[in-house]
>>> print(open('protein-v2.cif').read())   # mmCIF, C-alpha atoms
data_final
#
loop_
_atom_site.group_PDB
_atom_site.id
_atom_site.type_symbol
_atom_site.label_atom_id
_atom_site.label_comp_id
_atom_site.auth_asym_id
_atom_site.auth_seq_id
_atom_site.Cartn_x
_atom_site.Cartn_y
_atom_site.Cartn_z
ATOM 1 C CA MET A 1 112.974 104.858 100.838
ATOM 2 C CA SER A 2 111.130 103.679 103.954
ATOM 3 C CA GLU A 3 108.699 100.863 104.518
ATOM 4 C CA THR A 4 106.227 99.946 107.257
ATOM 5 C CA MET A 5 106.996 96.605 108.927
ATOM 6 C CA LEU A 6 106.110 94.710 112.103
ATOM 7 C CA LEU A 7 108.734 94.605 114.838
ATOM 8 C CA ILE A 8 108.685 91.563 117.103
ATOM 9 C CA PRO A 9 110.911 92.010 120.185
ATOM 10 C CA GLY A 10 111.633 88.798 122.069
ATOM 11 C CA ARG A 11 114.093 86.747 124.036
ATOM 12 C CA SER A 12 117.018 84.945 122.415
ATOM 13 C CA ASN A 13 119.681 82.615 123.761
ATOM 14 C CA LYS A 14 122.430 85.116 123.015
ATOM 15 C CA GLN A 15 120.472 87.924 124.675
ATOM 16 C CA GLY A 16 120.007 85.795 127.798
ATOM 17 C CA THR A 17 123.639 84.742 128.116
ATOM 18 C CA SER A 18 124.945 88.243 127.408
ATOM 19 C CA LEU A 19 122.501 89.682 129.963
ATOM 20 C CA ASN A 20 124.156 87.521 132.611
ATOM 21 C CA LYS A 21 127.499 89.148 131.755
ATOM 22 C CA GLY A 22 126.018 92.626 132.185
ATOM 23 C CA LYS A 23 123.780 95.133 130.426
ATOM 24 C CA LEU A 24 126.672 97.517 129.866
ATOM 25 C CA LYS A 25 128.905 94.916 128.211
ATOM 26 C CA GLU A 26 129.570 95.067 124.458
ATOM 27 C CA GLU A 27 127.991 91.658 123.749
ATOM 28 C CA TYR A 28 124.637 92.633 125.297
ATOM 29 C CA LEU A 29 124.595 96.044 123.625
ATOM 30 C CA GLU A 30 125.331 94.452 120.231
ATOM 31 C CA VAL A 31 122.668 91.744 120.440
ATOM 32 C CA THR A 32 120.000 94.204 121.607
ATOM 33 C CA SER A 33 120.798 96.705 118.841
ATOM 34 C CA THR A 34 120.809 94.311 115.870
ATOM 35 C CA VAL A 35 117.591 93.628 113.960
ATOM 36 C CA GLU A 36 117.022 90.457 111.980
ATOM 37 C CA MET A 37 115.224 90.968 108.672
ATOM 38 C CA ASN A 38 113.881 88.765 105.905
ATOM 39 C CA GLU A 39 116.400 88.484 103.048
ATOM 40 C CA ASP A 40 113.814 89.599 100.455
ATOM 41 C CA ASP A 41 112.936 92.698 102.506
ATOM 42 C CA MET A 42 116.619 93.540 102.794
ATOM 43 C CA GLN A 43 117.131 93.172 99.058
ATOM 44 C CA ARG A 44 114.113 95.392 98.299
ATOM 45 C CA LEU A 45 115.407 98.060 100.713
ATOM 46 C CA GLN A 46 118.918 97.687 99.254
ATOM 47 C CA LEU A 47 120.400 96.574 102.570
ATOM 48 C CA GLU A 48 123.366 94.342 103.320
ATOM 49 C CA ASP A 49 124.333 92.608 106.566
ATOM 50 C CA GLY A 50 125.705 95.215 108.947
ATOM 51 C CA ASP A 51 124.001 98.214 107.312
ATOM 52 C CA ARG A 52 122.343 100.660 109.699
ATOM 53 C CA VAL A 53 118.575 101.180 109.715
ATOM 54 C CA ARG A 54 116.338 103.607 111.594
ATOM 55 C CA LEU A 55 113.167 102.161 113.112
ATOM 56 C CA SER A 56 110.559 104.668 114.216
ATOM 57 C CA ASN A 57 106.938 104.996 115.263
ATOM 58 C CA SER A 58 104.827 107.551 117.139
ATOM 59 C CA ILE A 59 106.490 106.528 120.431
ATOM 60 C CA GLY A 60 110.163 106.875 119.491
ATOM 61 C CA GLU A 61 113.011 105.700 117.301
ATOM 62 C CA PHE A 62 116.384 103.988 117.329
ATOM 63 C CA THR A 63 119.136 103.034 114.924
ATOM 64 C CA ALA A 64 120.382 99.460 114.651
ATOM 65 C CA SER A 65 122.476 97.265 112.416
ATOM 66 C CA CYS A 66 120.639 94.651 110.369
ATOM 67 C CA LYS A 67 121.248 90.956 109.832
ATOM 68 C CA LYS A 68 119.800 88.835 107.032
ATOM 69 C CA LYS A 69 117.536 85.862 107.810
ATOM 70 C CA LYS A 70 116.273 83.301 105.319
ATOM 71 C CA SER A 71 112.629 83.595 104.247
ATOM 72 C CA LYS A 72 111.811 80.260 105.886
ATOM 73 C CA ASP A 73 113.054 81.606 109.246
ATOM 74 C CA LEU A 74 111.450 85.067 109.242
ATOM 75 C CA PRO A 75 108.400 86.046 107.148
ATOM 76 C CA GLU A 76 108.468 89.071 104.856
ATOM 77 C CA GLY A 77 107.422 92.305 106.528
ATOM 78 C CA MET A 78 108.547 91.208 110.005
ATOM 79 C CA ILE A 79 111.646 92.209 111.953
ATOM 80 C CA PHE A 80 113.007 90.537 115.093
ATOM 81 C CA ILE A 81 115.119 92.170 117.799
ATOM 82 C CA ALA A 82 116.165 90.853 121.201
ATOM 83 C CA TYR A 83 114.549 92.725 124.100
ATOM 84 C CA GLY A 84 116.658 95.588 125.372
ATOM 85 C CA PRO A 85 116.988 99.357 125.533
ATOM 86 C CA SER A 86 116.497 99.814 121.775
ATOM 87 C CA SER A 87 113.211 97.929 121.461
ATOM 88 C CA SER A 88 111.873 99.599 124.624
ATOM 89 C CA ARG A 89 112.043 102.978 122.878
ATOM 90 C CA LEU A 90 109.168 101.898 120.619
ATOM 91 C CA MET A 91 106.850 100.409 123.252
ATOM 92 C CA GLU A 92 103.838 102.256 124.646
ATOM 93 C CA SER A 93 103.580 102.689 128.397
ATOM 94 C CA ASP A 94 100.158 101.003 128.530
ATOM 95 C CA THR A 95 100.504 97.524 130.032
ATOM 96 C CA GLY A 96 96.892 96.408 129.659
ATOM 97 C CA GLY A 97 96.901 95.767 133.417
ATOM 98 C CA SER A 98 99.683 93.182 133.166
ATOM 99 C CA GLY A 99 102.591 95.341 134.338
ATOM 100 C CA MET A 100 104.485 94.467 131.111
ATOM 101 C CA PRO A 101 104.350 96.810 128.092
ATOM 102 C CA ILE A 102 102.648 95.420 125.010
ATOM 103 C CA SER A 103 105.671 94.391 122.991
ATOM 104 C CA LYS A 104 104.534 92.358 119.998
ATOM 105 C CA ASN A 105 103.438 93.453 116.537
ATOM 106 C CA ILE A 106 104.814 96.977 116.822
ATOM 107 C CA GLU A 107 104.306 98.823 113.533
ATOM 108 C CA VAL A 108 107.489 100.681 112.609
ATOM 109 C CA GLU A 109 108.874 102.642 109.697
ATOM 110 C CA VAL A 110 112.168 101.195 108.504
ATOM 111 C CA GLU A 111 114.673 103.211 106.505
ATOM 112 C CA LYS A 112 118.313 102.826 105.598
ATOM 113 C CA VAL A 113 120.691 105.203 107.333
ATOM 114 C CA ALA A 114 123.388 106.721 105.138
ATOM 115 C CA ALA A 115 126.874 105.441 105.924
#
>>> encode(input="protein-v2.cif", output="structure tokens")
Amino acid sequence: MSETMLLIPGRSNKQGTSLNKGKLKEEYLEVTSTVEMNEDDMQRLQLEDGDRVRLSNSIGEFTASCKKKKSKDLPEGMIFIAYGPSSSRLMESDTGGSGMPISKNIEVEVEKVAA
């Protein structure tokens, strides 16, 4: 079962501190390949913390682990991920003249990956 959701890449404290340690370090790779999802969305998709999900759109795809967030912290239908190599795979090259890819409200298909 897959579902269309909105991916919101952004900065996080942990992403920033792990970036200072190095992009090839385990901490940075983990934080930039973990998506945070609304607890109700996770229940509907039969996901548990740590399960793997595939996010895809017409640009690309990646696989990440998922982490549950309370409904008050993340609305249904939205997913958060810290900026990094994974989220970049889903961004178009068009920058709208800003030099920075448009990176908010990315529609993605989300599906559980078999263990």
>>> resolve_selection(input="protein-v2.cif", expression="the PyMOL selection byres ((chain A and resi 108) around 7)", output="NGL selection string")
:A and (4-7 or 55-57 or 106-107 or 109-110)
>>> residues_around(input="protein-v2.cif", residues="Val53 of chain A", least_positions_apart="2", cutoff="8 Å", atoms="all atoms listed in the file", output="JSON, numbers by chain")
{"A": [51, 55, 63, 64, 65, 66, 110, 111, 112, 113]}
>>> resolve_selection(input="protein-v2.cif", expression="the PyMOL selection byres ((chain A and resi 85-96) around 7)", output="NGL selection string")
:A and (9 or 32-33 or 57 or 59-62 or 83-84 or 97-103)
>>> atom_distance(input="protein-v2.cif", atom1="atom CA of Asn105 of chain A", atom2="atom CA of Lys72 of chain A")
18.9 Å
>>> closest_residue(input="protein-v2.cif", among="A:Asp49, A:Asp40, A:Glu3, A:Glu26", to="Lys68 of chain A", atoms="all atoms listed in the file")
A:Asp49
>>> atom_distance(input="protein-v2.cif", atom1="atom CA of Ile79 of chain A", atom2="atom CA of Lys25 of chain A")
23.9 Å
